[in-house]
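Chemist: Here you go, this is query-v9.txt (compact mmCIF, C-alpha atoms and all ligand atoms).
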```txt
# COMPACT_ATOMS: atom_id res chain seq x y z
CA MET A 10 -20.73 23.69 5.15
CA ALA A 11 -22.73 26.54 6.62
CA HIS A 12 -20.97 29.44 4.90
CA ALA A 13 -17.57 30.08 3.32
CA PRO A 14 -15.01 30.60 6.07
CA LYS A 15 -13.45 34.06 6.15
CA LYS A 16 -10.48 33.41 8.38
CA VAL A 17 -9.01 30.00 9.23
CA VAL A 18 -6.50 28.96 11.92
CA LEU A 19 -4.40 26.21 10.36
CA ALA A 20 -2.31 23.75 12.40
CA TYR A 21 0.80 24.35 10.28
CA SER A 22 3.93 22.19 10.50
CA GLY A 23 5.82 23.96 7.72
CA GLY A 24 6.01 20.68 5.76
CA LEU A 25 4.85 20.10 2.24
CA ASP A 26 1.35 18.82 3.03
CA THR A 27 0.32 21.66 5.31
CA SER A 28 1.93 24.19 2.95
CA ILE A 29 -0.29 22.87 0.18
CA ILE A 30 -3.27 23.05 2.54
CA LEU A 31 -2.35 26.64 3.37
CA LYS A 32 -2.32 27.62 -0.31
CA TRP A 33 -5.49 25.66 -0.99
CA LEU A 34 -7.31 27.51 1.83
CA GLN A 35 -6.23 30.82 0.28
CA SER A 36 -6.92 30.04 -3.38
CA GLU A 37 -9.75 27.50 -3.41
CA MET A 38 -11.54 28.54 -0.22
CA GLY A 39 -10.81 32.24 -0.57
CA ALA A 40 -9.97 32.37 3.13
CA GLU A 41 -7.43 34.38 5.06
CA VAL A 42 -5.08 31.99 6.88
CA VAL A 43 -3.69 32.30 10.40
CA ALA A 44 -0.75 29.89 10.75
CA PHE A 45 -0.17 28.15 14.08
CA THR A 46 2.96 26.06 14.65
CA ALA A 47 3.51 24.40 18.00
CA ASP A 48 6.79 23.14 19.40
CA LEU A 49 5.86 19.93 21.21
CA GLY A 50 9.42 18.69 21.15
CA GLN A 51 9.30 17.20 17.64
CA GLY A 52 12.95 18.17 17.33
CA GLU A 53 12.60 20.41 14.28
CA GLU A 54 13.52 24.05 13.87
CA LEU A 55 10.34 26.11 13.84
CA GLU A 56 11.65 29.36 12.42
CA PRO A 57 11.64 27.89 8.86
CA ALA A 58 7.89 27.32 9.30
CA ARG A 59 7.43 30.99 10.18
CA LYS A 60 9.43 32.01 7.11
CA LYS A 61 7.51 29.69 4.83
CA ALA A 62 4.18 31.00 6.10
CA GLN A 63 5.41 34.57 5.50
CA GLU A 64 6.41 33.65 1.96
CA LEU A 65 2.94 32.21 1.40
CA GLY A 66 1.50 35.61 2.32
CA VAL A 67 0.30 34.83 5.85
CA LYS A 68 0.12 37.92 8.07
CA GLU A 69 -0.80 36.39 11.41
CA ILE A 70 1.68 33.71 12.43
CA PHE A 71 1.83 31.99 15.83
CA VAL A 72 4.93 29.92 16.61
CA GLU A 73 4.77 28.71 20.20
CA ASP A 74 6.85 26.54 22.49
CA LEU A 75 4.27 24.36 24.25
CA ARG A 76 6.68 21.73 25.56
CA GLU A 77 6.27 22.45 29.27
CA GLU A 78 2.49 22.66 29.05
CA PHE A 79 2.41 19.47 26.98
CA VAL A 80 4.36 17.44 29.51
CA ARG A 81 2.92 19.03 32.67
CA ASP A 82 -0.78 19.14 31.76
CA TYR A 83 -1.16 16.22 29.33
CA VAL A 84 1.69 13.67 29.50
CA PHE A 85 2.13 13.58 33.30
CA PRO A 86 -1.60 13.41 34.12
CA MET A 87 -1.84 10.48 31.68
CA PHE A 88 1.15 8.71 33.25
CA ARG A 89 -0.46 8.98 36.72
CA ALA A 90 -2.83 6.30 35.43
CA ASN A 91 -0.05 4.06 33.98
CA THR A 92 -1.87 4.44 30.69
CA VAL A 93 -1.35 2.03 27.81
CA TYR A 94 -3.71 1.40 24.90
CA GLU A 95 -4.27 -2.24 23.91
CA GLY A 96 -1.69 -3.30 26.45
CA GLN A 97 1.27 -1.54 24.80
CA TYR A 98 0.82 1.85 23.09
CA LEU A 99 1.84 4.82 25.24
CA LEU A 100 -0.43 7.20 23.26
CA GLY A 101 2.23 9.69 22.19
CA THR A 102 0.24 11.03 19.26
CA ALA A 103 -3.18 10.84 20.91
CA ILE A 104 -2.14 12.91 23.94
CA ALA A 105 -0.70 15.76 21.82
CA ARG A 106 -3.81 16.44 19.75
CA PRO A 107 -6.01 18.00 22.47
CA LEU A 108 -3.35 20.61 23.27
CA ILE A 109 -2.86 21.60 19.62
CA ALA A 110 -6.64 21.81 19.19
CA LYS A 111 -7.05 23.87 22.36
CA ARG A 112 -4.48 26.45 21.24
CA GLN A 113 -6.04 26.57 17.76
CA ILE A 114 -9.43 27.43 19.24
CA GLU A 115 -7.88 30.05 21.54
CA ILE A 116 -6.05 31.62 18.60
CA ALA A 117 -9.27 31.59 16.57
CA HIS A 118 -10.94 33.55 19.34
CA GLU A 119 -7.96 35.94 19.69
CA THR A 120 -7.79 36.68 15.96
CA GLY A 121 -11.50 36.68 15.18
CA ALA A 122 -11.22 33.61 12.94
CA ASP A 123 -14.40 31.65 12.23
CA ALA A 124 -12.78 28.34 11.24
CA VAL A 125 -9.99 25.90 12.12
CA CYS A 126 -8.20 23.42 9.88
CA HIS A 127 -5.94 20.37 10.35
CA GLY A 128 -3.93 18.20 7.99
CA ALA A 129 -5.05 14.76 9.21
CA THR A 130 -6.35 12.33 6.57
CA GLY A 131 -9.83 10.90 6.39
CA LYS A 132 -8.69 7.43 7.44
CA GLY A 133 -7.12 7.95 10.83
CA ASN A 134 -7.70 8.70 14.46
CA ASP A 135 -6.23 12.18 14.38
CA GLN A 136 -9.06 13.79 12.42
CA VAL A 137 -11.44 12.52 15.13
CA ARG A 138 -9.20 13.72 17.97
CA PHE A 139 -8.75 17.21 16.51
CA GLU A 140 -12.40 17.67 15.70
CA LEU A 141 -13.86 16.28 18.93
CA ALA A 142 -11.55 18.65 20.82
CA TYR A 143 -12.46 21.66 18.63
CA LEU A 144 -16.17 21.04 19.10
CA ALA A 145 -15.89 20.40 22.84
CA LEU A 146 -14.20 23.80 23.21
CA ASP A 147 -16.25 25.74 20.66
CA PRO A 148 -19.45 24.04 19.49
CA ASP A 149 -19.97 26.63 16.73
CA VAL A 150 -16.54 26.63 15.14
CA GLN A 151 -16.32 25.68 11.45
CA ILE A 152 -13.95 22.83 10.70
CA ILE A 153 -12.10 22.42 7.45
CA SER A 154 -10.68 18.99 6.81
CA PRO A 155 -8.95 19.27 3.40
CA TRP A 156 -8.20 15.56 3.03
CA ARG A 157 -11.95 14.86 3.17
CA GLN A 158 -12.90 17.81 0.98
CA TRP A 159 -10.48 18.40 -1.85
CA GLU A 160 -10.30 16.68 -5.19
CA PHE A 161 -6.65 15.51 -4.98
CA GLY A 162 -6.62 11.75 -5.06
CA SER A 163 -2.91 11.06 -4.93
CA ARG A 164 0.39 12.49 -3.86
CA THR A 165 1.19 13.10 -7.56
CA ASP A 166 -1.88 15.38 -7.77
CA LEU A 167 -0.67 17.23 -4.67
CA ILE A 168 2.83 17.77 -6.05
CA ALA A 169 1.41 19.00 -9.36
CA TYR A 170 -0.76 21.49 -7.47
CA ALA A 171 2.22 22.63 -5.38
CA GLU A 172 4.27 23.26 -8.50
CA GLN A 173 1.43 25.11 -10.22
CA GLN A 174 1.03 27.30 -7.08
CA GLY A 175 4.75 27.99 -6.75
CA ILE A 176 5.23 26.03 -3.50
CA PRO A 177 8.79 24.68 -3.41
CA VAL A 178 8.82 20.88 -3.41
CA PRO A 179 11.99 19.40 -1.88
CA ALA A 180 13.66 16.85 -4.17
CA ASP A 181 13.19 13.99 -1.72
CA LYS A 182 9.43 14.68 -1.58
CA ARG A 183 8.88 14.08 -5.29
CA GLY A 184 8.70 10.35 -4.96
CA GLU A 185 6.64 8.87 -2.16
CA ALA A 186 8.02 9.53 1.30
CA PRO A 187 9.06 6.09 2.63
CA PHE A 188 6.67 6.33 5.61
CA SER A 189 4.67 8.87 7.63
CA VAL A 190 6.08 10.23 10.89
CA ASP A 191 4.54 12.00 13.87
CA ALA A 192 6.97 13.11 16.58
CA ASN A 193 6.86 15.02 19.86
CA LEU A 194 8.59 14.96 23.24
CA LEU A 195 6.84 11.73 24.21
CA HIS A 196 7.34 9.64 21.09
CA THR A 197 8.03 9.13 17.42
CA SER A 198 5.43 7.17 15.48
CA SER A 199 6.02 5.82 11.98
CA GLU A 200 3.28 4.35 9.81
CA GLY A 201 2.42 3.50 6.23
CA LYS A 202 4.23 2.71 3.00
CA ALA A 203 7.30 0.57 3.82
CA LEU A 204 5.60 -0.50 7.08
CA GLU A 205 2.27 -1.57 5.63
CA ASP A 206 3.02 -5.31 5.50
CA PRO A 207 2.71 -6.36 9.14
CA ALA A 208 4.48 -9.65 8.43
CA ILE A 209 7.76 -7.91 7.66
CA GLU A 210 10.12 -6.58 10.31
CA ALA A 211 10.64 -2.83 10.14
CA PRO A 212 14.04 -1.86 8.72
CA GLU A 213 16.48 -0.27 11.14
CA PHE A 214 16.35 3.11 9.31
CA VAL A 215 12.77 3.62 10.52
CA TYR A 216 14.04 4.20 14.07
CA GLN A 217 14.92 7.82 14.74
CA ARG A 218 15.57 8.30 18.44
CA SER A 219 16.83 5.03 19.84
CA VAL A 220 19.63 2.59 19.15
CA SER A 221 18.69 -1.05 18.80
CA PRO A 222 19.02 -2.98 22.07
CA GLU A 223 21.76 -5.14 20.52
CA ASN A 224 23.83 -2.01 19.86
CA ALA A 225 23.19 -0.47 23.28
CA PRO A 226 26.03 -0.27 25.84
CA ASP A 227 27.14 -3.57 27.40
CA SER A 228 27.06 -2.18 30.91
CA PRO A 229 23.92 -1.03 32.71
CA GLU A 230 23.24 2.52 33.86
CA TYR A 231 21.44 3.31 37.12
CA ILE A 232 19.33 6.40 37.75
CA ASP A 233 17.15 7.61 40.63
CA ILE A 234 13.84 9.20 39.66
CA GLY A 235 12.17 11.32 42.34
CA PHE A 236 8.37 11.57 42.43
CA GLU A 237 6.01 14.00 44.14
CA HIS A 238 2.27 13.30 44.18
CA GLY A 239 2.57 10.89 41.26
CA ASP A 240 4.68 13.09 38.98
CA PRO A 241 8.42 12.76 38.36
CA VAL A 242 10.32 15.83 39.58
CA SER A 243 14.00 14.89 39.67
CA ILE A 244 16.72 12.66 38.24
CA ASP A 245 19.61 11.71 40.53
CA GLY A 246 18.49 14.33 43.04
CA ILE A 247 18.45 17.21 40.56
CA MET A 248 15.08 18.93 40.25
CA LEU A 249 14.00 19.30 36.62
CA SER A 250 11.04 20.95 34.91
CA PRO A 251 8.57 18.50 33.29
CA ALA A 252 9.85 18.99 29.72
CA THR A 253 13.51 18.97 30.79
CA LEU A 254 12.99 15.78 32.78
CA LEU A 255 11.31 13.98 29.89
CA THR A 256 14.02 15.20 27.50
CA ARG A 257 16.67 13.71 29.80
CA LEU A 258 14.81 10.41 30.10
CA ASN A 259 14.56 10.32 26.29
CA GLU A 260 18.34 10.67 25.98
CA LEU A 261 18.92 7.91 28.54
CA GLY A 262 16.28 5.62 27.03
CA GLY A 263 17.47 6.24 23.47
CA THR A 264 21.05 5.39 24.43
CA HIS A 265 19.97 2.10 26.02
CA GLY A 266 17.56 1.04 23.25
CA ILE A 267 14.50 1.39 25.49
CA GLY A 268 10.92 1.91 24.31
CA ARG A 269 10.74 0.46 20.81
CA LEU A 270 7.40 -1.04 19.83
CA ASP A 271 6.06 -2.70 16.70
CA LEU A 272 2.28 -2.69 17.10
CA LEU A 273 -0.74 -3.66 15.04
CA GLU A 274 -3.55 -1.65 16.62
CA ASN A 275 -7.28 -1.03 16.28
CA ARG A 276 -8.09 2.46 15.06
CA PHE A 277 -11.26 4.13 16.38
CA ILE A 278 -12.49 4.44 12.81
CA GLY A 279 -12.63 0.65 12.52
CA MET A 280 -9.57 -0.48 10.60
CA LYS A 281 -6.38 -2.06 11.89
CA SER A 282 -3.04 -0.38 11.30
CA ARG A 283 0.59 -1.22 11.93
CA GLY A 284 2.94 1.30 13.50
CA ILE A 285 6.47 1.55 14.84
CA TYR A 286 6.77 3.56 18.04
CA GLU A 287 9.75 4.89 19.93
CA THR A 288 8.94 6.12 23.42
CA PRO A 289 12.28 5.96 25.26
CA GLY A 290 11.65 8.33 28.18
CA GLY A 291 7.98 7.39 28.51
CA SER A 292 8.83 3.70 28.75
CA ILE A 293 11.23 4.36 31.64
CA LEU A 294 8.65 6.58 33.31
CA LEU A 295 5.84 4.02 33.02
CA VAL A 296 7.87 1.40 34.89
CA ALA A 297 9.25 3.91 37.40
CA HIS A 298 5.77 5.22 38.24
CA ARG A 299 4.62 1.67 38.88
CA GLY A 300 7.64 1.34 41.15
CA ILE A 301 6.75 4.32 43.32
CA GLU A 302 3.10 3.21 43.47
CA GLN A 303 4.20 -0.25 44.64
CA ILE A 304 5.50 1.20 47.88
CA THR A 305 3.05 4.08 48.44
CA LEU A 306 -0.34 3.12 47.02
CA ASP A 307 -2.87 0.96 48.84
CA GLY A 308 -3.69 -2.41 47.23
CA GLY A 309 -7.39 -1.67 46.73
CA ALA A 310 -6.60 1.70 45.14
CA THR A 311 -3.98 0.07 42.92
CA HIS A 312 -6.38 -2.58 41.66
CA LEU A 313 -9.19 -0.08 41.02
CA LYS A 314 -6.78 2.10 39.04
CA ASP A 315 -5.83 -0.93 36.97
CA GLU A 316 -9.49 -1.58 36.19
CA LEU A 317 -10.14 2.02 35.19
CA MET A 318 -6.97 2.38 33.15
CA PRO A 319 -8.05 0.63 29.90
CA ARG A 320 -11.20 2.78 29.77
CA TYR A 321 -9.17 5.93 30.39
CA ALA A 322 -6.67 4.89 27.68
CA GLU A 323 -9.47 4.28 25.20
CA LEU A 324 -10.97 7.71 25.90
CA ILE A 325 -7.63 9.35 25.12
CA TYR A 326 -7.03 7.17 22.06
CA ASN A 327 -10.49 7.94 20.70
CA GLY A 328 -10.16 11.70 21.21
CA PHE A 329 -12.36 12.28 24.23
CA TRP A 330 -9.81 14.22 26.34
CA PHE A 331 -12.26 17.08 26.91
CA SER A 332 -15.19 14.78 27.82
CA PRO A 333 -16.83 14.72 31.26
CA GLU A 334 -16.04 11.02 31.70
CA ARG A 335 -12.30 11.58 31.09
CA LYS A 336 -12.33 14.41 33.64
CA MET A 337 -14.19 12.21 36.16
CA LEU A 338 -11.61 9.46 35.76
CA GLN A 339 -8.79 12.01 36.01
CA ALA A 340 -10.18 13.30 39.31
CA ALA A 341 -10.19 9.76 40.71
CA ILE A 342 -6.69 9.04 39.43
CA ASP A 343 -5.32 12.34 40.76
CA ALA A 344 -6.89 11.71 44.18
CA SER A 345 -5.00 8.42 44.36
CA GLN A 346 -1.65 10.16 43.86
CA GLU A 347 -1.55 12.31 47.02
CA MET A 348 0.98 10.07 48.77
CA VAL A 349 2.78 8.82 45.65
CA THR A 350 6.02 10.50 46.64
CA GLY A 351 9.52 9.10 46.95
CA SER A 352 12.32 7.79 44.83
CA VAL A 353 12.75 4.87 42.43
CA ARG A 354 16.08 3.38 41.41
CA MET A 355 16.05 2.27 37.78
CA LYS A 356 18.43 0.01 35.90
CA LEU A 357 18.69 0.73 32.18
CA TYR A 358 20.20 -2.05 30.14
CA LYS A 359 19.90 -3.18 26.51
CA GLY A 360 16.29 -2.29 25.84
CA SER A 361 14.94 -2.80 29.34
CA ALA A 362 14.11 -0.39 32.14
CA SER A 363 13.67 -2.17 35.48
CA VAL A 364 12.90 -1.01 38.98
CA VAL A 365 15.65 -2.23 41.29
CA GLY A 366 14.83 -0.17 44.39
CA ARG A 367 12.23 2.19 45.88
CA THR A 368 12.08 4.41 48.97
CA SER A 369 9.37 6.74 50.25
CA PRO A 370 8.55 8.94 53.25
CA CYS A 371 4.94 7.79 52.62
CA SER A 372 5.74 4.08 52.50
CA LEU A 373 3.05 1.51 53.30
CA TYR A 374 5.60 -1.28 53.26
CA SER A 375 5.84 -2.76 56.74
CA LEU A 376 8.85 -4.94 57.30
CA ASP A 377 7.49 -5.68 60.80
CA HIS A 378 4.55 -7.42 59.17
CA VAL A 379 6.07 -9.06 56.14
CA THR A 380 9.35 -10.34 57.59
CA PHE A 381 10.18 -14.06 57.42
CA GLU A 382 11.89 -13.59 60.78
CA ASP A 383 10.17 -13.38 64.18
CA ASP A 384 7.73 -10.51 64.60
CA VAL A 385 5.57 -9.04 67.36
CA VAL A 386 2.86 -7.27 65.32
CA TYR A 387 1.21 -10.14 63.47
CA ASN A 388 -0.50 -13.24 64.77
CA GLN A 389 -0.18 -15.99 62.14
CA SER A 390 -3.13 -17.93 63.55
CA ASP A 391 -5.43 -14.99 62.52
CA ALA A 392 -5.08 -16.34 58.97
CA ASP A 393 -7.06 -19.48 60.05
CA GLY A 394 -10.37 -17.61 60.16
CA PHE A 395 -9.52 -15.55 57.10
CA ILE A 396 -9.03 -18.64 55.00
CA GLU A 397 -11.92 -20.54 56.65
CA LEU A 398 -14.50 -17.87 55.70
CA ASN A 399 -13.07 -17.24 52.25
CA ALA A 400 -13.24 -20.97 51.60
CA LEU A 401 -16.79 -21.34 52.92
CA ARG A 402 -18.67 -21.09 49.62
CA LEU A 403 -16.01 -23.11 47.81
CA LYS A 404 -16.53 -25.93 50.31
CA LEU A 405 -20.35 -25.76 50.00
CA LEU A 406 -20.05 -25.94 46.22
CA ALA A 407 -17.62 -28.82 46.36
CA ARG A 408 -19.88 -30.83 48.71
CA ARG A 409 -22.95 -30.28 46.54
CA ASP A 410 -21.09 -31.29 43.40
CA ARG A 411 -19.62 -34.38 45.02
CA ALA A 412 -23.08 -35.44 46.22
CA SER A 413 -24.54 -35.04 42.72
CA GLY A 414 -21.64 -36.98 41.16
CA LYS A 415 -20.45 -34.02 39.09
CA ASN A 416 -16.83 -34.08 38.01
CA ARG A 417 -14.82 -30.96 38.72
N1 LIG B 1 -1.49 5.24 15.30
C1 LIG B 1 -1.09 6.31 16.16
C2 LIG B 1 -2.28 6.97 16.79
O1 LIG B 1 -3.36 6.87 16.26
C3 LIG B 1 -0.19 7.33 15.46
C4 LIG B 1 -0.84 8.12 14.35
C5 LIG B 1 0.03 9.18 13.67
N2 LIG B 1 1.26 8.65 13.19
C6 LIG B 1 1.77 8.86 11.95
N3 LIG B 1 2.92 8.33 11.67
N4 LIG B 1 1.15 9.57 11.05
O2 LIG B 1 -2.18 7.57 17.82
```
So, in terms of structure tokens, how does the structure I just supplied come out?
Modeler:
Amino acid sequence: MAHAPKKVVLAYSGGLDTSIILKWLQSEMGAEVVAFTADLGQGEELEPARKKAQELGVKEIFVEDLREEFVRDYVFPMFRANTVYEGQYLLGTAIARPLIAKRQIEIAHETGADAVCHGATGKGNDQVRFELAYLALDPDVQIISPWRQWEFGSRTDLIAYAEQQGIPVPADKRGEAPFSVDANLLHTSSEGKALEDPAIEAPEFVYQRSVSPENAPDSPEYIDIGFEHGDPVSIDGIMLSPATLLTRLNELGGTHGIGRLDLLENRFIGMKSRGIYETPGGSILLVAHRGIEQITLDGGATHLKDELMPRYAELIYNGFWFSPERKMLQAAIDASQEMVTGSVRMKLYKGSASVVGRTSPCSLYSLDHVTFEDDVVYNQSDADGFIELNALRLKLLARRDRASGKNR
């Protein structure tokens, strides 16, 4: 480390771990702490975090509701690409980190702090995501990563330190927490401890925001999602702000058991990990966005987007949100969404969200062309030449191989 930090902006949840970090920054690092707590829709009261920071002697405390910015500027741009990591993960944790990091750097500049600090461990993706974002936004900022720096080896050490420093330890935190949770408006992710054996099905108590599909209502529910330029703007004709819309989709998805995922994934850092995800609203949105693209987006544009998507997902997963290549891809994705406007009818039923209808003022669907009935716009014999030329090289290959006796 270059020099001892004087003032540190800590990403503070108000929980035990970040409270210990806060105290550790004050006592072991001799730093003044600025506490920053963001509401990203994790569903917890934030005022207790303010109070706790006050009790720990923090003078500058930032408690901010970032839900609209989170959904509008991070979640929706990502969904324009139909983004999934390794075929399934909707990136609920990965997409939240750049926003938290961005606000931390802004607060550091506002308060004259020379360092930032996060509570991510030395084994995961989140340390990488936070720190790549910090450094992309301020190449000179000092980063404090307590889990990679301090001497505590176990949770028992941490609790002992908390008690010695007078940090209240809730009774249920004395033993090991049964698993680790990260939640926001897009998802809840649970990892570790009880979930570490990937052969064993996760117990029902792990799930926090969805019923199991078998306990979901026996009759389906239909909703209409309106889109403008690739982003959802309304449900059943009622215009909703980004965060309000996602909140509503979460309620609907949670009720119908939609968006549960048990995934064994590849971390950027090299190891595999097993997680349980609940992304009820996001899972509806992913399918609905595909539905509106089906009717409005050109086939070539659709297929190019599908090729770019895994790369874009990997950039977000690995923490490169503020990289030039992510911004280049975003520009291409956004350009594709100009005409992605219209409405999608969704059927929600026992864990599944299906498109059952789509309409658009920008439709490319031509019944005149595709109809099985008589038409006047399309000449079926045109397909003769189309097939003849596409088959040309296949025929040349087949003749050569037949002449040389090769089996195909
Ligand atoms: N594996 C997920 C990711 O890297 C979630 C990580 C945080 N989850 C947690 N329960 N601590 O994006």
Chemist: Can I get the residues close to ligand LIG 1 (chain B) as a PyMOL selection string, where close means within 7 Å and we count all atoms listed in the file?
Modeler: chain A and resi 100-103+133-135+189-191+198-200+276+284+326
Chemist: In Å, how far is it from atom CA of A:Gly246 to atom CA of A:Gly351?
Modeler: 11.1 Å
Chemist: Pick the closest to A:Ile234 from A:Asp206, A:Asp410, A:Val364, A:Ala90: which is it, counting all atoms listed in the file?
Modeler: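 Of all the options, A:Val364 lies closest to A:Ile234.
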Chemist: Excluding A:Val296 and its own-chain neighbours fewer than 4 positions away, which residues fall within 8 Å of it when counting all atoms listed in the file? Please give them as a PDB file with C-alpha atoms, in the frame of the given file.
Modeler:
```
ATOM      1  CA  SER A 292       8.830   3.700  28.750  1.00  0.00           C
ATOM      2  CA  GLY A 300       7.640   1.340  41.150  1.00  0.00           C
ATOM      3  CA  ALA A 362      14.110  -0.390  32.140  1.00  0.00           C
ATOM      4  CA  SER A 363      13.670  -2.170  35.480  1.00  0.00           C
ATOM      5  CA  VAL A 364      12.900  -1.010  38.980  1.00  0.00           C
TER       6      VAL A 364
END
```
Chemist: Neighbours of A:Ala171 within 10 Å (only C-alpha atoms; same-chain residues fewer than 6 positions away dropped), as a ChimeraX atom specification?
Modeler: /A:25-26,28-30,32-33,165,177-178
Chemist: Would you export the selected residues with C-alpha atoms as a compact mmCIF listing (two decimals), in the coordinates of the input, please?
Modeler:
```txt
# COMPACT_ATOMS: atom_id res chain seq x y z
CA LEU A 25 4.85 20.10 2.24
CA ASP A 26 1.35 18.82 3.03
CA SER A 28 1.93 24.19 2.95
CA ILE A 29 -0.29 22.87 0.18
CA ILE A 30 -3.27 23.05 2.54
CA LYS A 32 -2.32 27.62 -0.31
CA TRP A 33 -5.49 25.66 -0.99
CA THR A 165 1.19 13.10 -7.56
CA PRO A 177 8.79 24.68 -3.41
CA VAL A 178 8.82 20.88 -3.41
```
Chemist: Taking all atoms listed in the file into account, name the residue in A:Gly162, A:Gly262, A:Arg106, A:Glu274 that is nearest to A:Gln136.
Modeler: A:Arg106
Chemist: Would you mind reading off the distance between atom CA of A:Val125 and atom CA of A:Tyr98, one decimal, in Å?
Modeler: 28.6 Å
